[in-house]
file work14.cif (mmCIF, C-alpha atoms)
data_structure
#
loop_
_atom_site.label_atom_id
_atom_site.label_comp_id
_atom_site.auth_asym_id
_atom_site.auth_seq_id
_atom_site.Cartn_x
_atom_site.Cartn_y
_atom_site.Cartn_z
CA MET A 1 109.62 -47.54 -89.52
CA SER A 2 109.02 -51.23 -88.73
CA LEU A 3 108.01 -50.36 -85.15
CA GLY A 4 110.77 -52.64 -83.98
CA VAL A 5 109.43 -55.70 -85.79
CA SER A 6 112.32 -57.72 -87.22
CA LEU A 7 113.08 -61.10 -88.70
CA ILE A 8 115.08 -63.63 -86.70
CA PRO A 9 118.70 -64.02 -87.94
CA PHE A 10 119.48 -65.91 -91.14
CA GLU A 11 121.03 -68.92 -89.43
CA MET A 12 118.04 -69.28 -87.12
CA ARG A 13 115.63 -68.95 -90.04
CA GLY A 14 117.40 -71.68 -91.99
CA ASN A 15 117.46 -74.08 -89.07
CA THR A 16 113.86 -73.35 -88.19
CA GLU A 17 112.87 -74.18 -91.77
CA VAL A 18 114.70 -77.52 -91.51
CA ALA A 19 113.04 -78.28 -88.17
CA HIS A 20 109.69 -77.31 -89.64
CA LEU A 21 110.15 -79.51 -92.70
CA LEU A 22 111.08 -82.55 -90.62
CA HIS A 23 108.33 -82.09 -88.04
CA ALA A 24 105.69 -81.36 -90.67
CA ALA A 25 106.71 -84.49 -92.58
CA ARG A 26 105.83 -86.54 -89.51
CA SER A 27 102.65 -84.72 -88.58
CA PRO A 28 101.64 -81.62 -90.56
CA GLU A 29 99.08 -80.54 -87.97
CA SER A 30 101.64 -80.39 -85.19
CA VAL A 31 103.55 -77.37 -86.38
CA TYR A 32 102.86 -73.67 -86.41
CA PRO A 33 102.76 -72.08 -89.85
CA LEU A 34 106.35 -71.28 -90.83
CA GLU A 35 105.50 -67.62 -91.43
CA GLN A 36 104.57 -67.24 -87.75
CA LEU A 37 107.94 -68.39 -86.45
CA MET A 38 110.18 -65.84 -88.09
CA TRP A 39 109.43 -62.63 -86.23
CA THR A 40 111.11 -60.97 -83.32
CA LYS A 41 111.87 -57.50 -82.05
CA LEU A 42 114.98 -55.59 -83.04
CA ALA A 43 116.82 -56.17 -79.75
CA TYR A 44 117.05 -59.83 -80.73
CA ILE A 45 118.06 -59.62 -84.38
CA LEU A 46 121.48 -61.06 -83.59
CA GLY A 47 119.97 -63.95 -81.67
CA PHE A 48 118.41 -64.54 -78.32
CA SER A 49 120.24 -64.28 -75.03
CA GLN A 50 119.16 -63.71 -71.48
CA PRO A 51 120.82 -62.92 -68.16
CA GLN A 52 121.78 -65.94 -66.06
CA PHE A 53 121.65 -66.05 -62.28
CA SER A 54 123.08 -68.18 -59.52
CA GLY A 55 122.98 -68.05 -55.73
CA PRO A 56 120.03 -66.39 -53.98
CA LEU A 57 118.84 -64.71 -57.20
CA ALA A 58 118.44 -68.06 -58.97
CA ALA A 59 115.03 -68.56 -57.34
CA HIS A 60 113.80 -65.40 -59.07
CA ALA A 61 115.67 -65.95 -62.33
CA LEU A 62 112.64 -66.61 -64.51
CA GLU A 63 110.84 -63.59 -63.13
CA ILE A 64 113.82 -61.34 -63.86
CA GLN A 65 114.39 -62.91 -67.29
CA THR A 66 110.79 -62.44 -68.41
CA GLY A 67 110.91 -58.85 -67.16
CA PHE A 68 114.13 -58.36 -69.11
CA VAL A 69 112.56 -59.78 -72.29
CA ASP A 70 109.49 -57.56 -71.83
CA HIS A 71 111.75 -54.53 -71.51
CA MET A 72 113.93 -55.43 -74.50
CA TRP A 73 110.80 -56.12 -76.54
CA THR A 74 109.79 -52.46 -76.40
CA ILE A 75 113.14 -50.77 -77.03
CA PRO A 76 113.00 -48.50 -80.11
CA LEU A 77 115.75 -48.46 -82.74
CA ARG A 78 116.92 -45.00 -81.64
CA GLU A 79 117.58 -46.22 -78.10
CA MET A 80 119.26 -49.38 -79.35
CA MET A 81 121.58 -47.31 -81.57
CA ASP A 82 122.49 -45.13 -78.58
CA ARG A 83 123.30 -48.22 -76.54
CA LEU A 84 125.41 -49.78 -79.28
CA GLY A 85 127.38 -46.56 -79.74
CA THR A 86 129.31 -45.57 -82.82
CA THR A 87 131.99 -48.25 -82.75
CA THR A 88 132.45 -49.71 -86.20
CA PHE A 89 131.55 -53.36 -86.63
CA PRO A 90 134.94 -55.08 -86.57
CA GLY A 91 134.10 -57.95 -88.90
CA GLU A 92 133.65 -56.07 -92.18
CA MET A 93 137.20 -56.69 -93.34
CA ARG A 94 136.60 -60.43 -93.04
CA PHE A 95 133.74 -60.20 -95.54
CA GLU A 96 136.03 -58.40 -97.94
CA LYS A 97 138.56 -61.19 -97.55
CA LEU A 98 135.83 -63.80 -97.95
CA ALA A 99 134.61 -62.14 -101.15
CA GLU A 100 138.17 -62.10 -102.43
CA ASN A 101 138.67 -65.80 -101.66
CA LEU A 102 135.37 -66.82 -103.22
CA ASN A 103 136.00 -64.76 -106.34
CA ALA A 104 139.38 -66.44 -106.77
CA ALA A 105 137.83 -69.90 -106.24
CA ASN A 106 134.94 -69.11 -108.59
CA GLN A 107 137.33 -68.02 -111.30
CA GLN A 108 139.53 -71.07 -110.82
CA HIS A 109 136.58 -73.46 -111.17
CA ALA A 110 134.48 -71.52 -113.66
CA ALA A 111 135.19 -74.00 -116.45
CA GLU A 112 133.60 -76.81 -114.44
CA LEU A 113 130.18 -75.17 -114.59
CA ARG A 114 128.01 -76.37 -117.47
CA SER A 115 124.59 -74.93 -116.65
CA PHE A 116 122.82 -72.67 -114.20
CA GLU A 117 121.08 -75.71 -112.70
CA GLN A 118 124.42 -77.35 -111.99
CA THR A 119 125.73 -74.10 -110.50
CA TYR A 120 122.65 -73.88 -108.28
CA GLN A 121 123.14 -77.47 -107.10
CA THR A 122 126.77 -76.75 -106.26
CA GLU A 123 125.69 -73.77 -104.19
CA VAL A 124 122.99 -75.82 -102.47
CA HIS A 125 125.68 -78.27 -101.39
CA GLY A 126 127.72 -75.33 -100.10
CA VAL A 127 124.83 -73.94 -98.02
CA LEU A 128 123.94 -77.38 -96.65
CA ASP A 129 127.56 -78.02 -95.68
CA VAL A 130 127.43 -74.93 -93.52
CA PHE A 131 124.27 -76.12 -91.77
CA GLU A 132 125.18 -79.82 -91.50
CA GLU A 133 126.04 -79.76 -87.82
CA SER A 134 122.91 -77.94 -86.73
CA THR A 135 120.63 -80.19 -88.79
CA VAL A 136 122.06 -83.14 -86.86
CA ASP A 137 121.20 -81.28 -83.64
CA ILE A 138 117.62 -80.90 -84.83
CA VAL A 139 117.17 -84.59 -85.59
CA GLU A 140 118.89 -85.63 -82.36
CA GLN A 141 116.42 -83.47 -80.44
CA MET A 142 113.52 -85.06 -82.30
CA VAL A 143 114.80 -88.57 -81.55
CA PHE A 144 115.34 -87.73 -77.91
CA ALA A 145 111.87 -86.21 -77.59
CA GLU A 146 110.17 -89.16 -79.20
CA HIS A 147 112.23 -92.16 -78.08
CA GLY A 148 114.31 -90.83 -75.20
CA ILE A 149 117.49 -91.84 -77.01
CA ALA A 150 120.36 -89.54 -76.09
CA PRO A 151 122.53 -88.23 -78.95
CA PRO A 152 125.60 -90.36 -79.68
CA GLY A 153 128.73 -88.62 -78.58
CA ASP A 154 130.79 -90.21 -81.35
CA PRO A 155 131.96 -87.47 -83.73
CA GLU A 156 132.25 -89.88 -86.67
CA GLN A 157 128.67 -91.05 -86.19
CA ARG A 158 127.51 -87.42 -86.09
CA ARG A 159 129.40 -86.72 -89.29
CA GLU A 160 127.73 -89.71 -90.94
CA HIS A 161 124.29 -88.51 -89.79
CA GLY A 162 125.20 -85.08 -91.10
CA ARG A 163 126.02 -86.51 -94.53
CA GLN A 164 122.73 -88.43 -94.63
CA LEU A 165 120.75 -85.33 -93.69
CA HIS A 166 122.70 -83.30 -96.22
CA ASN A 167 121.58 -85.70 -98.97
CA LEU A 168 117.99 -85.67 -97.73
CA LEU A 169 117.82 -81.86 -97.70
CA PHE A 170 119.58 -81.67 -101.07
CA ALA A 171 116.83 -83.88 -102.52
CA ALA A 172 114.21 -81.68 -100.81
CA LEU A 173 115.68 -78.61 -102.46
CA GLN A 174 115.26 -80.17 -105.91
CA ARG A 175 111.49 -80.25 -105.43
CA THR A 176 109.48 -77.03 -105.74
CA GLU A 177 107.21 -77.72 -102.80
CA THR A 178 109.93 -78.48 -100.29
CA SER A 179 112.28 -75.82 -101.60
CA GLN A 180 109.55 -73.35 -100.65
CA THR A 181 109.88 -74.53 -97.06
CA LEU A 182 113.68 -74.39 -97.15
CA ARG A 183 113.39 -70.96 -98.72
CA SER A 184 116.32 -69.32 -96.95
CA PHE A 185 118.71 -71.95 -98.32
CA HIS A 186 117.04 -71.88 -101.73
CA ILE A 187 117.16 -68.10 -102.16
CA VAL A 188 120.75 -67.72 -100.96
CA ALA A 189 121.91 -70.62 -103.15
CA MET A 190 120.13 -69.06 -106.15
CA LEU A 191 121.78 -65.68 -105.55
CA PHE A 192 125.26 -67.13 -105.16
CA ALA A 193 124.66 -69.28 -108.24
CA TYR A 194 123.58 -66.17 -110.18
CA VAL A 195 126.92 -64.47 -109.46
CA ARG A 196 128.96 -67.56 -110.34
CA TRP A 197 127.03 -68.27 -113.53
CA ASN A 198 127.15 -64.63 -114.61
CA ALA A 199 130.74 -64.73 -115.86
CA GLY A 200 132.61 -61.58 -115.00
CA GLN A 201 130.49 -60.65 -111.99
CA ARG A 202 132.40 -60.56 -108.74
CA LEU A 203 131.16 -60.89 -105.19
CA LYS A 204 131.47 -57.82 -102.97
CA ALA A 205 131.72 -57.77 -99.18
CA ASN A 206 128.26 -56.33 -98.91
CA ASP A 207 126.71 -59.11 -100.99
CA PHE A 208 126.76 -61.47 -98.01
CA HIS A 209 124.55 -59.09 -96.03
CA ASP A 210 122.41 -58.31 -99.07
CA PHE A 211 121.77 -61.96 -99.88
CA HIS A 212 120.67 -62.63 -96.31
CA HIS A 213 118.39 -59.58 -96.41
CA ALA A 214 116.98 -60.80 -99.71
CA SER A 215 116.31 -64.28 -98.34
CA GLY A 216 114.38 -62.81 -95.42
CA ALA A 217 112.49 -60.25 -97.45
CA LEU A 218 111.59 -62.50 -100.38
CA GLY A 219 110.77 -65.42 -98.14
CA TYR A 220 108.64 -63.68 -95.54
CA CYS A 221 107.70 -60.16 -96.62
CA ASP A 222 105.32 -58.68 -99.19
CA ALA A 223 107.80 -56.07 -100.39
CA PHE A 224 111.56 -55.62 -100.58
CA PHE A 225 113.10 -52.18 -101.06
CA THR A 226 116.64 -52.71 -102.30
CA GLU A 227 119.20 -51.64 -104.90
CA ARG A 228 119.08 -51.94 -108.66
CA SER A 229 121.73 -54.64 -109.12
CA LEU A 230 120.17 -56.98 -106.55
CA ARG A 231 116.76 -56.58 -108.15
CA ALA A 232 118.31 -57.45 -111.49
CA SER A 233 119.51 -60.75 -109.97
CA ILE A 234 116.20 -61.47 -108.25
CA THR A 235 114.02 -60.79 -111.26
CA ALA A 236 116.20 -62.28 -114.02
CA ALA A 237 114.22 -64.74 -116.16
CA HIS A 238 116.00 -67.84 -114.85
CA MET A 239 115.71 -66.63 -111.23
CA ALA A 240 112.21 -65.11 -110.92
CA LEU A 241 112.47 -65.16 -107.13
CA ASP A 242 110.06 -62.25 -106.85
CA LYS A 243 107.42 -64.30 -108.66
CA GLN A 244 108.18 -67.51 -106.76
CA PHE A 245 107.65 -65.77 -103.45
CA GLN A 246 105.17 -63.10 -104.60
CA CYS A 247 107.27 -60.22 -103.30
CA ASN A 248 107.26 -56.74 -104.78
CA VAL A 249 110.86 -55.55 -105.32
CA SER A 250 111.36 -51.79 -105.53
CA VAL A 251 114.64 -49.96 -106.11
CA SER A 252 113.75 -46.28 -105.93
CA THR A 253 111.91 -44.07 -103.50
CA ASP A 254 109.22 -43.40 -106.09
CA GLU A 255 108.66 -47.10 -106.67
CA ALA A 256 108.54 -47.80 -102.96
CA ILE A 257 106.06 -44.99 -102.36
CA GLY A 258 104.01 -46.16 -105.33
CA TYR A 259 103.83 -49.64 -103.85
CA LEU A 260 102.90 -48.33 -100.40
CA LYS A 261 100.18 -46.16 -101.88
CA SER A 262 98.74 -49.16 -103.65
CA LEU A 263 98.14 -50.92 -100.34
CA MET B 1 142.07 -82.16 -105.02
CA LEU B 2 140.12 -79.09 -104.10
CA THR B 3 136.88 -78.50 -105.93
CA ALA B 4 134.98 -75.27 -106.25
CA ARG B 5 132.50 -76.64 -103.78
CA SER B 6 135.03 -77.37 -101.07
CA ASP B 7 136.73 -74.00 -101.52
CA VAL B 8 133.42 -72.23 -101.12
CA ARG B 9 132.39 -74.48 -98.29
CA ASN B 10 135.55 -73.86 -96.29
CA ALA B 11 135.36 -70.13 -96.76
CA LYS B 12 131.71 -70.00 -95.75
CA LEU B 13 132.20 -72.34 -92.80
CA ASP B 14 134.98 -70.12 -91.57
CA ILE B 15 132.81 -67.03 -91.57
CA PHE B 16 129.77 -68.76 -90.11
CA GLU B 17 131.74 -70.29 -87.27
CA LYS B 18 133.05 -66.90 -86.33
CA GLU B 19 129.66 -65.29 -86.65
CA ARG B 20 127.96 -67.80 -84.36
CA VAL B 21 127.16 -65.41 -81.58
CA CYS B 22 123.70 -66.42 -80.46
CA ALA B 23 123.08 -68.89 -77.68
CA THR B 24 119.92 -70.25 -79.24
CA ARG B 25 120.94 -71.56 -82.61
CA PHE B 26 117.56 -72.48 -83.94
CA LEU B 27 113.92 -72.66 -83.09
CA GLY B 28 114.08 -76.40 -82.75
CA PRO B 29 111.44 -78.96 -81.91
CA GLU B 30 110.47 -77.16 -78.73
CA ALA B 31 109.78 -74.09 -80.78
CA VAL B 32 108.14 -75.24 -83.98
CA ALA B 33 106.11 -78.08 -82.57
CA HIS B 34 103.03 -77.62 -80.50
CA THR B 35 101.01 -80.21 -78.75
CA GLY B 36 97.46 -79.50 -79.79
CA SER B 37 95.40 -77.95 -82.52
CA ARG B 38 96.27 -74.44 -81.35
CA ARG B 39 94.77 -71.77 -83.45
CA ASN B 40 94.69 -68.85 -81.05
CA ASN B 41 97.25 -67.39 -78.70
CA SER B 42 95.45 -68.26 -75.49
CA GLU B 43 96.05 -71.92 -76.24
CA ILE B 44 99.80 -71.65 -76.69
CA PRO B 45 101.40 -73.93 -74.11
CA VAL B 46 103.81 -72.03 -71.92
CA VAL B 47 106.14 -75.02 -71.78
CA SER B 48 105.84 -77.38 -74.70
CA GLU B 49 105.59 -81.06 -73.91
CA THR B 50 107.97 -81.72 -76.76
CA SER B 51 110.66 -79.55 -75.25
CA VAL B 52 113.96 -81.32 -74.93
CA VAL B 53 115.75 -78.51 -73.18
CA THR B 54 116.96 -80.07 -69.97
CA ASP B 55 117.40 -76.85 -68.05
CA PRO B 56 113.84 -76.02 -66.91
CA GLN B 57 114.68 -72.35 -66.45
CA SER B 58 116.06 -72.11 -69.97
CA SER B 59 113.06 -74.01 -71.34
CA ALA B 60 110.59 -71.72 -69.59
CA ILE B 61 112.21 -68.52 -70.80
CA GLN B 62 112.48 -69.87 -74.35
CA SER B 63 108.81 -70.75 -74.29
CA TYR B 64 108.04 -67.29 -72.98
CA VAL B 65 109.96 -65.68 -75.86
CA ARG B 66 108.32 -68.02 -78.36
CA THR B 67 104.90 -67.01 -77.05
CA LYS B 68 105.82 -63.36 -77.54
CA GLN B 69 107.04 -64.14 -81.06
CA LEU B 70 103.80 -65.89 -81.92
CA GLU B 71 101.76 -63.03 -80.48
CA LEU B 72 103.79 -60.65 -82.61
CA ALA B 73 103.16 -62.81 -85.69
CA ALA B 74 99.45 -62.88 -84.89
CA THR B 75 99.37 -59.09 -84.57
CA LEU B 76 101.14 -58.73 -87.93
CA ALA B 77 98.70 -61.16 -89.55
CA GLU B 78 95.72 -59.27 -88.10
CA ARG B 79 97.06 -55.94 -89.35
CA LYS B 80 97.67 -57.41 -92.78
CA ALA B 81 94.18 -58.86 -92.90
CA ALA B 82 92.72 -55.52 -91.79
CA SER B 83 94.74 -53.74 -94.46
CA SER B 84 93.52 -56.24 -97.07
CA ARG B 85 89.91 -55.76 -96.01
CA SER B 86 90.29 -52.04 -96.23
CA ARG B 87 91.93 -52.40 -99.67
CA SER B 88 89.19 -54.64 -100.98
CA GLN B 89 86.58 -52.22 -99.67
CA ARG B 90 88.32 -49.39 -101.50
CA LYS B 91 88.43 -51.42 -104.68
CA TYR B 92 84.70 -51.97 -104.82
CA ILE B 93 83.36 -48.56 -103.93
CA LEU B 94 80.09 -47.87 -105.69
CA PRO B 95 79.56 -44.44 -107.27
CA ASN B 96 77.32 -43.24 -104.43
CA GLN B 97 79.89 -44.47 -101.89
CA ARG B 98 82.59 -42.42 -103.60
CA HIS B 99 80.64 -39.36 -102.61
CA SER B 100 80.60 -40.38 -98.94
CA LEU B 101 84.31 -41.18 -99.05
CA HIS B 102 85.00 -37.78 -100.50
CA ARG B 103 82.87 -36.14 -97.85
CA THR B 104 84.77 -37.93 -95.11
CA THR B 105 88.03 -36.63 -96.52
CA GLN B 106 86.66 -33.13 -96.51
CA GLU B 107 85.54 -33.53 -92.92
CA ASP B 108 89.01 -34.73 -91.95
CA ARG B 109 90.52 -31.66 -93.52
CA SER B 110 88.12 -29.36 -91.73
CA GLN B 111 89.37 -30.77 -88.43
CA MET B 112 93.01 -29.99 -89.16
CA PRO B 113 94.66 -26.95 -87.63
CA PRO B 114 94.55 -23.86 -89.87
CA GLY B 115 97.29 -23.68 -92.49
CA ARG B 116 98.09 -27.39 -92.35
CA SER B 117 97.04 -29.90 -94.96
CA ARG B 118 97.73 -33.59 -95.66
CA SER B 119 100.32 -32.64 -98.25
CA ASN B 120 102.59 -30.82 -95.83
CA ARG B 121 102.17 -33.03 -92.79
#
call {"tool": "encode", "arguments": {"input": "work14.cif", "output": "structure tokens"}}
result
Amino acid sequence: MSLGVSLIPFEMRGNTEVAHLLHAARSPESVYPLEQLMWTKLAYILGFSQPQFSGPLAAHALEIQTGFVDHMWTIPLREMMDRLGTTTFPGEMRFEKLAENLNAANQQHAAELRSFEQTYQTEVHGVLDVFEESTVDIVEQMVFAEHGIAPPGDPEQRREHGRQLHNLLFAALQRTETSQTLRSFHIVAMLFAYVRWNAGQRLKANDFHDFHHASGALGYCDAFFTERSLRASITAAHMALDKQFQCNVSVSTDEAIGYLKSL
Amino acid sequence: MLTARSDVRNAKLDIFEKERVCATRFLGPEAVAHTGSRRNNSEIPVVSETSVVTDPQSSAIQSYVRTKQLELAATLAERKAASSRSRSQRKYILPNQRHSLHRTTQEDRSQMPPGRSRSNR
């Protein structure tokens, strides 16, 4: 249905948004519009990889790699499914375990939460913790490109840089304008905060996938066809993510068709 | 003492570390930055001057993929703009234009194979 057009993976989207924010802060004219950087074809939705060559073939590596990319770029979903086979994704049980752990932790610390804003901020810290290492990579690349200074190998120094960047991005996520750039972090933090603040609601294994889908769809698409409970989270008065990102959210076939007809 | 934040953080870190399967972890400086005031695809540099990837082969293939991504984004933007234009044209159809639109629809139908209509395609 999408003709093979896909969004790049969540982790790559988040890091690209950070890189974009930092580069644009230095020179806004030097970056591509964020919306142009998020698209790929379905063969690369788990990330980009290419064949590597050594020996006599190394001289022709680029030629072969570009040919390989061109080929993968045109593969339809049906062919990709055939290639992947019917083996079940082995990691699903881990998401169930993760949901279980988070639900237990959420319940244990529920009394510490005083407001939705505080819950959101806690979740922002959680998301930024996950991305701390890669944000350091981004800045180190910028420094190297501009000043030729190689990254320090000292792990403690990297951790310290990570903490500084964490605080910088946390501040950025408190401002509407910059939280629009860091939209993948913002949307995921909002959705996790919604579950934690909504006493009695428990995370399910599938929520992790759904929240990543939602961050991509709300952040970069005009419409999101999803399920009723996720729409309830997205459109709740204190969330209003559909309005923030001007994305139509449909939950039934009739609604989706109605939206498509309106185009 | 563990806080809610550190519990959540550790659990999420665990899953993300295990899920880190892609070689290219982000579209970093070499991807988001460009060197000029590019506004059309023909001006996209094949290898960005700001690239910090030390392996020239890797840099070249990443730039190639980025170019394809940007071309894809440009195609999507063009289609969206075309769809918007068509929508705005539909919105402001004058009464005499409605007639011509209707006639076009009838002509389309007349070109369909017998026994087949839009509703059952």
call {"tool": "atom_distance", "arguments": {"input": "work14.cif", "atom1": "atom CA of A:Val69", "atom2": "atom CA of B:Ala77"}}
result
22.2 Å
call {"tool": "residues_near_point", "arguments": {"input": "work14.cif", "point": "(108.0, -65.9, -86.4)", "cutoff": "10 Å", "atoms": "all atoms listed in the file", "output": "PyMOL selection string"}}
result
(chain A and resi 6-8+13+16+32-40+220) or (chain B and resi 27+32+66-74)
call {"tool": "interface_residues", "arguments": {"input": "work14.cif", "of": "chain A", "to": "chain B", "cutoff": "8 Å", "atoms": "all atoms listed in the file", "output": "PyMOL selection string"}}
result
chain A and resi 11-13+15-16+19-20+23+29-32+35-40+46-49+61-62+65-66+69+94-95+98+101-102+105-106+108-109+122-123+125-127+129-130+134+138+141-142+144-145+263
call {"tool": "atom_distance", "arguments": {"input": "work14.cif", "atom1": "atom CA of A:Leu260", "atom2": "atom CA of A:Cys221"}}
result
13.3 Å
call {"tool": "closest_residue", "arguments": {"input": "work14.cif", "among": "A:Gly162, A:Tyr120, A:Pro155, A:Ala58", "to": "A:Asp137", "atoms": "only C-alpha atoms"}}
result
A:Gly162
